[in-house]
Amino acid sequence: MNPTVTAANRGFWFVLAAAVCWGTTGTAQTFAPEGATPLAVGAMRLLVGGVALLLFAAGRQQLKLRNWPLSATVVAIGAIAGYQLFFFAGVARTGVAVGTVVGIGSAPIFAGLLGLLLLGEKPSRRWMLATLLAVAGCTLLIAAGAEIEVDPLGVILAIGAGAAYALYTIASKDLLRVQPPDAVTAVAFFGGALVMAPLLFFVDLNWLLQPQGLAVALHLGLIATALAYMLYIRGLMSLPTATAVTLALAEPLTAATLGVGLLGERLTPPAMAGMALIFVGLAVLTVNNPRRQTAAATATKTPAPRH
């Protein structure tokens with residue numbers, strides 16, 4: 001089998017596995033003790049994940065002081081911190097349903113545009129169809145039965161979250177040309193954690209003193225952040241930016257499945273239709289097509305890191 005085809009196939013599964021890890025976030029947060037606000041949870045998640053990624057990269061002797069493009073490094077760090085701030089602020093103003101749909105749905109669009117403008121990655125018609133189906137599915141799944149409250153500023157903040165996520169992916173793609181994947185995630189997330197650290201002085205952290213609260217923080221930091229982004233960055237090495245971001249839309253599909261299986265939630269017909277659309281969209285994007293995968297992998301192949 002052509003090595004580039006194998007790399008592309010592996011990249012699909014890496015990103016889907018990352019999305020599954022992200023999809024556990026909402027379920028895990030339901031087990032957090034009272035007093036664990038979304039902002040406090042988000043800041044602690046970034047801190048635990050950033051430290052874990054830094055220790056992992058250091059243990060593998062991948063952290064080097066040289067060959068870190070300043071602009072891409074700053075953008076990656078700022079995008080990670082910005083995503084947390086924009087997303088939580090957007091959700092706080094316009095509600096979970098609208099904030100999540102806009103944040104998740106706008107990210108692939110930004111990724112497609114930025115990938116084209118900055119990396120020369122031309123989105124395929126297959127990607128456009130898959131993204132349309134998956135975003136429509138996310139809208140039905142997340143907003144079904146929810147009380148919709150559209151706040152213009154909240155929507156703008158949620159769009160900012162989607163743009164920040166796409167910018168992180170673009171910056172990481174650039175950094176992968178000169179740095180190994182674990183070093184890229186370590187620097188981006190530990191840097192983002194340092195930017196977010198001052199918030200920890202203004203939120204209630206007493207929930208961490210309870211075993212259940214500590215377990216939630218560790219799961220979110222180690223599984224839903226550190227492991228997820230280690231998988232995601234490896235998928236990004238062999239996939240176009242827009243494809244990786246669209247595949248990550250498997251996250252709400254995972255979250256809904258866990259909600260039904262573990263929390264006893266009941267899905268409305270529109271939500272079930274949304275799950276089906278996401279699944280079809282992901283299937284369109286991942287269906288075996290050697291000619292397409294060879295072209296994509298060849299076009300996006302990342303040069304070996306220079307040490």
# chains A, B, ... in the order shown; residues from 1 in each chain; ligands from 1
>>> residues_around(residues="Lys173 (chain A)", least_positions_apart="4", cutoff="10 Å", atoms="only C-alpha atoms", output="number ranges by chain")
A: 72, 76, 115, 119, 167-169, 177-178, 181, 184, 233, 236-241, 300, 302
>>> write_last_selection(atoms="all heavy atoms", output="short mmCIF file (atom, residue, chain, number, x, y, z; two decimals), in the first residue's frame")
data_model
loop_
_atom_site.label_atom_id
_atom_site.label_comp_id
_atom_site.auth_asym_id
_atom_site.auth_seq_id
_atom_site.Cartn_x
_atom_site.Cartn_y
_atom_site.Cartn_z
N ALA A 72 4.06 32.04 14.65
CA ALA A 72 3.23 30.84 14.76
C ALA A 72 3.10 30.39 16.21
O ALA A 72 2.04 29.95 16.65
CB ALA A 72 3.82 29.72 13.91
N ALA A 76 -0.43 30.22 18.23
CA ALA A 76 -0.90 28.96 18.80
C ALA A 76 -1.25 29.12 20.28
O ALA A 76 -2.31 28.67 20.74
CB ALA A 76 0.16 27.88 18.63
N GLY A 115 -6.96 27.82 5.62
CA GLY A 115 -6.12 26.81 4.98
C GLY A 115 -5.85 27.17 3.53
O GLY A 115 -4.74 26.98 3.01
N LEU A 119 -2.14 28.40 3.65
CA LEU A 119 -1.40 27.17 3.36
C LEU A 119 -1.58 26.68 1.94
O LEU A 119 -0.93 25.70 1.54
CB LEU A 119 -1.81 26.07 4.35
CG LEU A 119 -1.63 26.37 5.84
CD1 LEU A 119 -2.12 25.21 6.69
CD2 LEU A 119 -0.16 26.68 6.16
N LEU A 167 -7.41 28.96 14.02
CA LEU A 167 -6.08 29.57 14.06
C LEU A 167 -5.07 28.67 14.76
O LEU A 167 -3.91 28.56 14.34
CB LEU A 167 -6.14 30.92 14.76
CG LEU A 167 -6.60 32.11 13.93
CD1 LEU A 167 -6.78 33.34 14.81
CD2 LEU A 167 -5.60 32.40 12.82
N TYR A 168 -5.50 28.01 15.85
CA TYR A 168 -4.60 27.07 16.52
C TYR A 168 -4.18 25.96 15.57
O TYR A 168 -3.01 25.58 15.52
CB TYR A 168 -5.28 26.46 17.75
CG TYR A 168 -4.58 25.20 18.22
CD1 TYR A 168 -3.37 25.27 18.89
CD2 TYR A 168 -5.11 23.94 17.95
CE1 TYR A 168 -2.70 24.12 19.28
CE2 TYR A 168 -4.45 22.79 18.33
CZ TYR A 168 -3.24 22.89 18.99
OH TYR A 168 -2.57 21.75 19.36
N THR A 169 -5.14 25.44 14.81
CA THR A 169 -4.83 24.36 13.89
C THR A 169 -3.86 24.82 12.80
O THR A 169 -2.90 24.12 12.45
CB THR A 169 -6.13 23.82 13.24
OG1 THR A 169 -7.02 23.39 14.29
CG2 THR A 169 -5.84 22.65 12.33
N ARG A 177 6.31 21.86 10.87
CA ARG A 177 7.36 21.82 9.86
C ARG A 177 8.75 21.83 10.48
O ARG A 177 9.72 21.41 9.84
CB ARG A 177 7.21 23.00 8.89
CG ARG A 177 5.87 23.05 8.17
CD ARG A 177 5.76 24.27 7.26
NE ARG A 177 4.41 24.38 6.70
CZ ARG A 177 3.97 23.71 5.66
NH1 ARG A 177 4.78 22.85 5.04
NH2 ARG A 177 2.74 23.87 5.20
N VAL A 178 8.85 22.33 11.70
CA VAL A 178 10.17 22.47 12.31
C VAL A 178 10.27 21.85 13.71
O VAL A 178 11.35 21.82 14.30
CB VAL A 178 10.60 23.96 12.39
CG1 VAL A 178 10.83 24.51 11.00
CG2 VAL A 178 9.56 24.79 13.13
N PRO A 181 5.60 16.74 17.03
CA PRO A 181 4.22 17.00 17.43
C PRO A 181 4.01 17.21 18.93
O PRO A 181 3.25 18.10 19.33
CB PRO A 181 3.46 15.78 16.93
CG PRO A 181 4.49 14.72 16.71
CD PRO A 181 5.73 15.45 16.31
N VAL A 184 5.00 20.67 20.00
CA VAL A 184 4.06 21.70 19.55
C VAL A 184 2.88 21.80 20.51
O VAL A 184 2.50 22.90 20.94
CB VAL A 184 3.57 21.39 18.12
CG1 VAL A 184 2.44 22.34 17.72
CG2 VAL A 184 4.72 21.50 17.13
N ILE A 233 -2.87 16.30 16.97
CA ILE A 233 -1.70 16.84 16.29
C ILE A 233 -1.08 15.80 15.37
O ILE A 233 -0.54 16.11 14.31
CB ILE A 233 -0.66 17.35 17.32
CG1 ILE A 233 0.31 18.36 16.67
CG2 ILE A 233 0.12 16.23 17.95
CD1 ILE A 233 -0.30 19.69 16.40
N LEU A 236 -3.14 15.76 12.30
CA LEU A 236 -2.91 16.97 11.53
C LEU A 236 -1.67 16.86 10.65
O LEU A 236 -1.56 17.56 9.64
CB LEU A 236 -2.77 18.16 12.49
CG LEU A 236 -2.86 19.57 11.90
CD1 LEU A 236 -4.21 19.77 11.23
CD2 LEU A 236 -2.66 20.60 13.01
N MET A 237 -0.75 15.98 11.01
CA MET A 237 0.48 15.83 10.24
C MET A 237 0.23 15.28 8.83
O MET A 237 1.02 15.51 7.92
CB MET A 237 1.46 14.91 10.98
CG MET A 237 1.98 15.50 12.28
SD MET A 237 3.07 14.36 13.16
CE MET A 237 4.51 14.43 12.09
N SER A 238 -0.88 14.58 8.64
CA SER A 238 -1.12 13.95 7.33
C SER A 238 -2.45 14.34 6.71
O SER A 238 -2.84 13.80 5.68
CB SER A 238 -1.05 12.42 7.46
OG SER A 238 -2.04 11.95 8.37
N LEU A 239 -3.16 15.30 7.32
CA LEU A 239 -4.46 15.73 6.80
C LEU A 239 -4.48 17.22 6.54
O LEU A 239 -3.81 17.99 7.24
CB LEU A 239 -5.57 15.40 7.80
CG LEU A 239 -5.87 13.93 8.09
CD1 LEU A 239 -6.94 13.84 9.17
CD2 LEU A 239 -6.33 13.21 6.83
N PRO A 240 -5.25 17.66 5.55
CA PRO A 240 -5.46 19.10 5.36
C PRO A 240 -6.13 19.69 6.60
O PRO A 240 -6.89 19.01 7.30
CB PRO A 240 -6.39 19.17 4.14
CG PRO A 240 -6.18 17.88 3.43
CD PRO A 240 -5.91 16.86 4.50
N THR A 241 -5.85 20.97 6.85
CA THR A 241 -6.40 21.64 8.02
C THR A 241 -7.93 21.54 8.08
O THR A 241 -8.50 21.19 9.12
CB THR A 241 -5.99 23.12 8.01
OG1 THR A 241 -4.57 23.20 7.92
CG2 THR A 241 -6.47 23.83 9.25
N THR A 300 -0.10 17.66 1.78
CA THR A 300 0.02 18.18 3.13
C THR A 300 1.10 17.49 3.93
O THR A 300 1.19 17.66 5.12
CB THR A 300 -1.32 18.02 3.88
OG1 THR A 300 -1.66 16.64 3.90
CG2 THR A 300 -2.42 18.80 3.20
N THR A 302 4.07 16.76 6.01
CA THR A 302 4.88 17.67 6.80
C THR A 302 6.33 17.23 6.81
O THR A 302 6.63 16.08 7.14
CB THR A 302 4.34 17.68 8.27
OG1 THR A 302 2.96 18.00 8.23
CG2 THR A 302 5.10 18.69 9.10
#
>>> residues_around(residues="Leu132 (chain A)", least_positions_apart="2", cutoff="10 Å", atoms="only C-alpha atoms", output="PDB file with N, CA, C and O atoms, in the first residue's frame")
ATOM      1  N   GLY A 105     -19.742  25.147  14.668  1.00  0.00           N
ATOM      2  CA  GLY A 105     -20.066  25.235  13.253  1.00  0.00           C
ATOM      3  C   GLY A 105     -19.204  26.198  12.467  1.00  0.00           C
ATOM      4  O   GLY A 105     -18.944  25.984  11.271  1.00  0.00           O
ATOM      5  N   PRO A 108     -14.965  24.895  11.148  1.00  0.00           N
ATOM      6  CA  PRO A 108     -14.565  24.334   9.849  1.00  0.00           C
ATOM      7  C   PRO A 108     -14.551  25.366   8.728  1.00  0.00           C
ATOM      8  O   PRO A 108     -13.728  25.283   7.814  1.00  0.00           O
ATOM      9  N   ILE A 109     -15.460  26.325   8.802  1.00  0.00           N
ATOM     10  CA  ILE A 109     -15.501  27.361   7.768  1.00  0.00           C
ATOM     11  C   ILE A 109     -14.232  28.207   7.820  1.00  0.00           C
ATOM     12  O   ILE A 109     -13.580  28.472   6.802  1.00  0.00           O
ATOM     13  N   ARG A 126     -15.925  17.210  -1.787  1.00  0.00           N
ATOM     14  CA  ARG A 126     -16.277  16.199  -0.782  1.00  0.00           C
ATOM     15  C   ARG A 126     -16.255  16.809   0.618  1.00  0.00           C
ATOM     16  O   ARG A 126     -17.148  16.571   1.444  1.00  0.00           O
ATOM     17  N   TRP A 127     -15.221  17.627   0.890  1.00  0.00           N
ATOM     18  CA  TRP A 127     -15.130  18.278   2.202  1.00  0.00           C
ATOM     19  C   TRP A 127     -16.302  19.234   2.409  1.00  0.00           C
ATOM     20  O   TRP A 127     -16.881  19.301   3.493  1.00  0.00           O
ATOM     21  N   MET A 128     -16.628  20.001   1.373  1.00  0.00           N
ATOM     22  CA  MET A 128     -17.736  20.954   1.492  1.00  0.00           C
ATOM     23  C   MET A 128     -19.051  20.243   1.808  1.00  0.00           C
ATOM     24  O   MET A 128     -19.813  20.683   2.677  1.00  0.00           O
ATOM     25  N   LEU A 129     -19.313  19.134   1.125  1.00  0.00           N
ATOM     26  CA  LEU A 129     -20.532  18.376   1.385  1.00  0.00           C
ATOM     27  C   LEU A 129     -20.514  17.794   2.795  1.00  0.00           C
ATOM     28  O   LEU A 129     -21.515  17.889   3.532  1.00  0.00           O
ATOM     29  N   ALA A 130     -19.393  17.195   3.180  1.00  0.00           N
ATOM     30  CA  ALA A 130     -19.286  16.599   4.514  1.00  0.00           C
ATOM     31  C   ALA A 130     -19.461  17.654   5.600  1.00  0.00           C
ATOM     32  O   ALA A 130     -20.152  17.426   6.603  1.00  0.00           O
ATOM     33  N   ALA A 134     -22.388  17.765   8.402  1.00  0.00           N
ATOM     34  CA  ALA A 134     -22.005  17.658   9.814  1.00  0.00           C
ATOM     35  C   ALA A 134     -22.432  18.888  10.602  1.00  0.00           C
ATOM     36  O   ALA A 134     -22.916  18.769  11.735  1.00  0.00           O
ATOM     37  N   VAL A 135     -22.268  20.073  10.025  1.00  0.00           N
ATOM     38  CA  VAL A 135     -22.673  21.296  10.727  1.00  0.00           C
ATOM     39  C   VAL A 135     -24.188  21.330  10.895  1.00  0.00           C
ATOM     40  O   VAL A 135     -24.705  21.705  11.958  1.00  0.00           O
ATOM     41  N   ALA A 136     -24.926  20.933   9.859  1.00  0.00           N
ATOM     42  CA  ALA A 136     -26.391  20.867   9.974  1.00  0.00           C
ATOM     43  C   ALA A 136     -26.781  19.870  11.061  1.00  0.00           C
ATOM     44  O   ALA A 136     -27.705  20.126  11.861  1.00  0.00           O
ATOM     45  N   GLY A 137     -26.078  18.739  11.104  1.00  0.00           N
ATOM     46  CA  GLY A 137     -26.359  17.742  12.131  1.00  0.00           C
ATOM     47  C   GLY A 137     -26.082  18.264  13.525  1.00  0.00           C
ATOM     48  O   GLY A 137     -26.867  18.029  14.461  1.00  0.00           O
ATOM     49  N   CYS A 138     -24.974  18.984  13.689  1.00  0.00           N
ATOM     50  CA  CYS A 138     -24.641  19.565  14.991  1.00  0.00           C
ATOM     51  C   CYS A 138     -25.710  20.558  15.432  1.00  0.00           C
ATOM     52  O   CYS A 138     -26.093  20.595  16.607  1.00  0.00           O
ATOM     53  N   THR A 246     -13.131  19.501  10.424  1.00  0.00           N
ATOM     54  CA  THR A 246     -14.453  18.916  10.175  1.00  0.00           C
ATOM     55  C   THR A 246     -14.607  17.562  10.862  1.00  0.00           C
ATOM     56  O   THR A 246     -15.651  17.256  11.445  1.00  0.00           O
ATOM     57  N   LEU A 277     -27.128  12.891  10.542  1.00  0.00           N
ATOM     58  CA  LEU A 277     -26.463  13.771   9.579  1.00  0.00           C
ATOM     59  C   LEU A 277     -24.965  13.880   9.865  1.00  0.00           C
ATOM     60  O   LEU A 277     -24.140  13.892   8.941  1.00  0.00           O
ATOM     61  N   ILE A 278     -24.597  13.980  11.141  1.00  0.00           N
ATOM     62  CA  ILE A 278     -23.178  14.035  11.491  1.00  0.00           C
ATOM     63  C   ILE A 278     -22.485  12.756  11.046  1.00  0.00           C
ATOM     64  O   ILE A 278     -21.384  12.783  10.457  1.00  0.00           O
ATOM     65  N   GLY A 281     -22.069  12.775   7.337  1.00  0.00           N
ATOM     66  CA  GLY A 281     -21.026  13.718   6.959  1.00  0.00           C
ATOM     67  C   GLY A 281     -19.634  13.172   7.196  1.00  0.00           C
ATOM     68  O   GLY A 281     -18.742  13.295   6.343  1.00  0.00           O
TER      69      GLY A 281
END
>>> residues_around(residues="region 22-34 of chain A", least_positions_apart="4", cutoff="6 Å", atoms="only C-alpha atoms", output="tab-separated table (two decimals) with C-alpha atoms, in the first residue's frame")
chain	number	residue	atom	x	y	z
A	207	TRP	CA	-14.50	21.83	44.54
A	213	GLY	CA	-13.89	17.17	41.85
A	224	ALA	CA	-10.02	15.33	27.23
A	251	GLU	CA	-17.28	15.45	19.32
A	252	PRO	CA	-21.00	16.30	19.78
A	254	THR	CA	-19.85	11.27	21.11
A	255	ALA	CA	-21.28	13.59	23.75
>>> closest_residue(among="A:Leu70, A:Ile223, A:Val203, A:Leu267", to="Ala19 (chain A)", atoms="only C-alpha atoms")
A:Ile223
>>> residues_around(residues="Phe87 (chain A)", least_positions_apart="3", cutoff="6 Å", atoms="only C-alpha atoms", output="ChimeraX atom specification")
/A:83-84,90,158,161
>>> residues_around(residues="Gly95 (chain A)", least_positions_apart="5", cutoff="12 Å", atoms="only C-alpha atoms", output="list in words")
Phe87, Phe88, Ala89, Gly90, Thr100, Val101, Val102, Gly103, Ile142, Ala143, Ala146, Glu147, Ile148, Glu149, Val150, Asp151, Pro152, Leu153, Gly154, Val155, Leu157 and Ala158 of chain A
>>> closest_residue(among="A:Ala242, A:Leu227, A:Ala166, A:Ala58", to="Val20 (chain A)", atoms="only C-alpha atoms")
A:Leu227
>>> decode(residues="region 46-93 of chain A", atoms="N, CA and C atoms", output="mmCIF file, in the first residue's frame")
data_model
loop_
_atom_site.group_PDB
_atom_site.id
_atom_site.type_symbol
_atom_site.label_atom_id
_atom_site.label_comp_id
_atom_site.auth_asym_id
_atom_site.auth_seq_id
_atom_site.Cartn_x
_atom_site.Cartn_y
_atom_site.Cartn_z
ATOM 1 N N LEU A 46 -7.118 23.357 31.363
ATOM 2 C CA LEU A 46 -5.981 23.817 30.567
ATOM 3 C C LEU A 46 -4.685 23.700 31.350
ATOM 4 N N LEU A 47 -4.731 23.983 32.643
ATOM 5 C CA LEU A 47 -3.525 23.895 33.463
ATOM 6 C C LEU A 47 -3.046 22.452 33.593
ATOM 7 N N VAL A 48 -3.957 21.537 33.942
ATOM 8 C CA VAL A 48 -3.586 20.126 34.086
ATOM 9 C C VAL A 48 -3.100 19.566 32.753
ATOM 10 N N GLY A 49 -3.831 19.853 31.690
ATOM 11 C CA GLY A 49 -3.440 19.357 30.375
ATOM 12 C C GLY A 49 -2.115 19.930 29.912
ATOM 13 N N GLY A 50 -1.909 21.228 30.132
ATOM 14 C CA GLY A 50 -0.665 21.857 29.715
ATOM 15 C C GLY A 50 0.545 21.302 30.433
ATOM 16 N N VAL A 51 0.418 21.108 31.740
ATOM 17 C CA VAL A 51 1.532 20.546 32.513
ATOM 18 C C VAL A 51 1.820 19.109 32.079
ATOM 19 N N ALA A 52 0.762 18.314 31.867
ATOM 20 C CA ALA A 52 0.940 16.921 31.438
ATOM 21 C C ALA A 52 1.633 16.851 30.075
ATOM 22 N N LEU A 53 1.222 17.703 29.150
ATOM 23 C CA LEU A 53 1.837 17.713 27.819
ATOM 24 C C LEU A 53 3.294 18.152 27.894
ATOM 25 N N LEU A 54 3.577 19.124 28.753
ATOM 26 C CA LEU A 54 4.956 19.602 28.903
ATOM 27 C C LEU A 54 5.852 18.504 29.474
ATOM 28 N N LEU A 55 5.370 17.806 30.498
ATOM 29 C CA LEU A 55 6.164 16.729 31.106
ATOM 30 C C LEU A 55 6.368 15.583 30.120
ATOM 31 N N PHE A 56 5.341 15.281 29.331
ATOM 32 C CA PHE A 56 5.454 14.189 28.368
ATOM 33 C C PHE A 56 6.489 14.522 27.300
ATOM 34 N N ALA A 57 6.426 15.731 26.778
ATOM 35 C CA ALA A 57 7.380 16.134 25.740
ATOM 36 C C ALA A 57 8.799 16.200 26.294
ATOM 37 N N ALA A 58 8.924 16.700 27.523
ATOM 38 C CA ALA A 58 10.249 16.773 28.146
ATOM 39 C C ALA A 58 10.804 15.374 28.393
ATOM 40 N N GLY A 59 9.934 14.459 28.815
ATOM 41 C CA GLY A 59 10.379 13.082 29.056
ATOM 42 C C GLY A 59 10.865 12.397 27.795
ATOM 43 N N ARG A 60 10.313 12.784 26.659
ATOM 44 C CA ARG A 60 10.741 12.227 25.381
ATOM 45 C C ARG A 60 11.860 13.050 24.742
ATOM 46 N N GLN A 61 12.341 14.041 25.492
ATOM 47 C CA GLN A 61 13.441 14.909 25.042
ATOM 48 C C GLN A 61 13.123 15.576 23.700
ATOM 49 N N GLN A 62 11.885 16.035 23.574
ATOM 50 C CA GLN A 62 11.456 16.695 22.338
ATOM 51 C C GLN A 62 11.455 18.216 22.445
ATOM 52 N N LEU A 63 11.599 18.739 23.663
ATOM 53 C CA LEU A 63 11.552 20.191 23.823
ATOM 54 C C LEU A 63 12.917 20.796 23.510
ATOM 55 N N LYS A 64 12.952 21.630 22.500
ATOM 56 C CA LYS A 64 14.165 22.323 22.096
ATOM 57 C C LYS A 64 13.909 23.826 22.139
ATOM 58 N N LEU A 65 14.938 24.597 22.416
ATOM 59 C CA LEU A 65 14.789 26.046 22.487
ATOM 60 C C LEU A 65 14.913 26.704 21.120
ATOM 61 N N ARG A 66 15.455 25.989 20.159
ATOM 62 C CA ARG A 66 15.668 26.585 18.841
ATOM 63 C C ARG A 66 14.537 26.226 17.875
ATOM 64 N N ASN A 67 14.500 26.969 16.775
ATOM 65 C CA ASN A 67 13.565 26.697 15.677
ATOM 66 C C ASN A 67 12.093 26.795 16.088
ATOM 67 N N TRP A 68 11.755 27.848 16.823
ATOM 68 C CA TRP A 68 10.363 28.121 17.151
ATOM 69 C C TRP A 68 9.962 29.430 16.478
ATOM 70 N N PRO A 69 9.299 29.363 15.318
ATOM 71 C CA PRO A 69 8.862 30.595 14.646
ATOM 72 C C PRO A 69 8.009 31.439 15.588
ATOM 73 N N LEU A 70 8.430 32.677 15.805
ATOM 74 C CA LEU A 70 7.784 33.513 16.818
ATOM 75 C C LEU A 70 6.301 33.725 16.540
ATOM 76 N N SER A 71 5.957 34.094 15.317
ATOM 77 C CA SER A 71 4.552 34.414 15.014
ATOM 78 C C SER A 71 3.648 33.209 15.191
ATOM 79 N N ALA A 72 4.057 32.044 14.649
ATOM 80 C CA ALA A 72 3.230 30.839 14.762
ATOM 81 C C ALA A 72 3.105 30.394 16.213
ATOM 82 N N THR A 73 4.185 30.517 16.986
ATOM 83 C CA THR A 73 4.156 30.115 18.401
ATOM 84 C C THR A 73 3.213 30.999 19.201
ATOM 85 N N VAL A 74 3.310 32.308 18.980
ATOM 86 C CA VAL A 74 2.445 33.248 19.700
ATOM 87 C C VAL A 74 0.981 33.028 19.322
ATOM 88 N N VAL A 75 0.722 32.804 18.026
ATOM 89 C CA VAL A 75 -0.653 32.569 17.573
ATOM 90 C C VAL A 75 -1.220 31.297 18.196
ATOM 91 N N ALA A 76 -0.430 30.224 18.232
ATOM 92 C CA ALA A 76 -0.900 28.960 18.805
ATOM 93 C C ALA A 76 -1.250 29.122 20.280
ATOM 94 N N ILE A 77 -0.375 29.783 21.036
ATOM 95 C CA ILE A 77 -0.624 29.999 22.464
ATOM 96 C C ILE A 77 -1.838 30.899 22.672
ATOM 97 N N GLY A 78 -1.874 32.010 21.925
ATOM 98 C CA GLY A 78 -2.991 32.939 22.063
ATOM 99 C C GLY A 78 -4.312 32.321 21.655
ATOM 100 N N ALA A 79 -4.289 31.461 20.625
ATOM 101 C CA ALA A 79 -5.521 30.830 20.156
ATOM 102 C C ALA A 79 -6.070 29.858 21.189
ATOM 103 N N ILE A 80 -5.192 29.122 21.851
ATOM 104 C CA ILE A 80 -5.650 28.179 22.875
ATOM 105 C C ILE A 80 -6.315 28.920 24.030
ATOM 106 N N ALA A 81 -5.664 29.979 24.518
ATOM 107 C CA ALA A 81 -6.254 30.767 25.598
ATOM 108 C C ALA A 81 -7.501 31.497 25.112
ATOM 109 N N GLY A 82 -7.440 32.030 23.896
ATOM 110 C CA GLY A 82 -8.568 32.775 23.362
ATOM 111 C C GLY A 82 -9.803 31.918 23.172
ATOM 112 N N TYR A 83 -9.606 30.676 22.744
ATOM 113 C CA TYR A 83 -10.751 29.788 22.556
ATOM 114 C C TYR A 83 -11.515 29.616 23.871
ATOM 115 N N GLN A 84 -10.772 29.365 24.953
ATOM 116 C CA GLN A 84 -11.426 29.178 26.246
ATOM 117 C C GLN A 84 -12.232 30.430 26.634
ATOM 118 N N LEU A 85 -11.601 31.599 26.508
ATOM 119 C CA LEU A 85 -12.251 32.834 26.926
ATOM 120 C C LEU A 85 -13.454 33.170 26.043
ATOM 121 N N PHE A 86 -13.269 33.085 24.721
ATOM 122 C CA PHE A 86 -14.360 33.404 23.801
ATOM 123 C C PHE A 86 -15.527 32.443 23.972
ATOM 124 N N PHE A 87 -15.222 31.155 24.105
ATOM 125 C CA PHE A 87 -16.294 30.162 24.176
ATOM 126 C C PHE A 87 -17.130 30.339 25.442
ATOM 127 N N PHE A 88 -16.469 30.436 26.588
ATOM 128 C CA PHE A 88 -17.219 30.549 27.839
ATOM 129 C C PHE A 88 -17.979 31.872 27.903
ATOM 130 N N ALA A 89 -17.374 32.949 27.390
ATOM 131 C CA ALA A 89 -18.067 34.238 27.385
ATOM 132 C C ALA A 89 -19.260 34.207 26.430
ATOM 133 N N GLY A 90 -19.089 33.567 25.276
ATOM 134 C CA GLY A 90 -20.185 33.467 24.317
ATOM 135 C C GLY A 90 -21.348 32.663 24.858
ATOM 136 N N VAL A 91 -21.047 31.522 25.480
ATOM 137 C CA VAL A 91 -22.088 30.675 26.056
ATOM 138 C C VAL A 91 -22.808 31.395 27.183
ATOM 139 N N ALA A 92 -22.055 32.156 27.968
ATOM 140 C CA ALA A 92 -22.657 32.880 29.091
ATOM 141 C C ALA A 92 -23.679 33.911 28.606
ATOM 142 N N ARG A 93 -23.440 34.510 27.440
ATOM 143 C CA ARG A 93 -24.333 35.559 26.947
ATOM 144 C C ARG A 93 -25.479 35.020 26.099
#
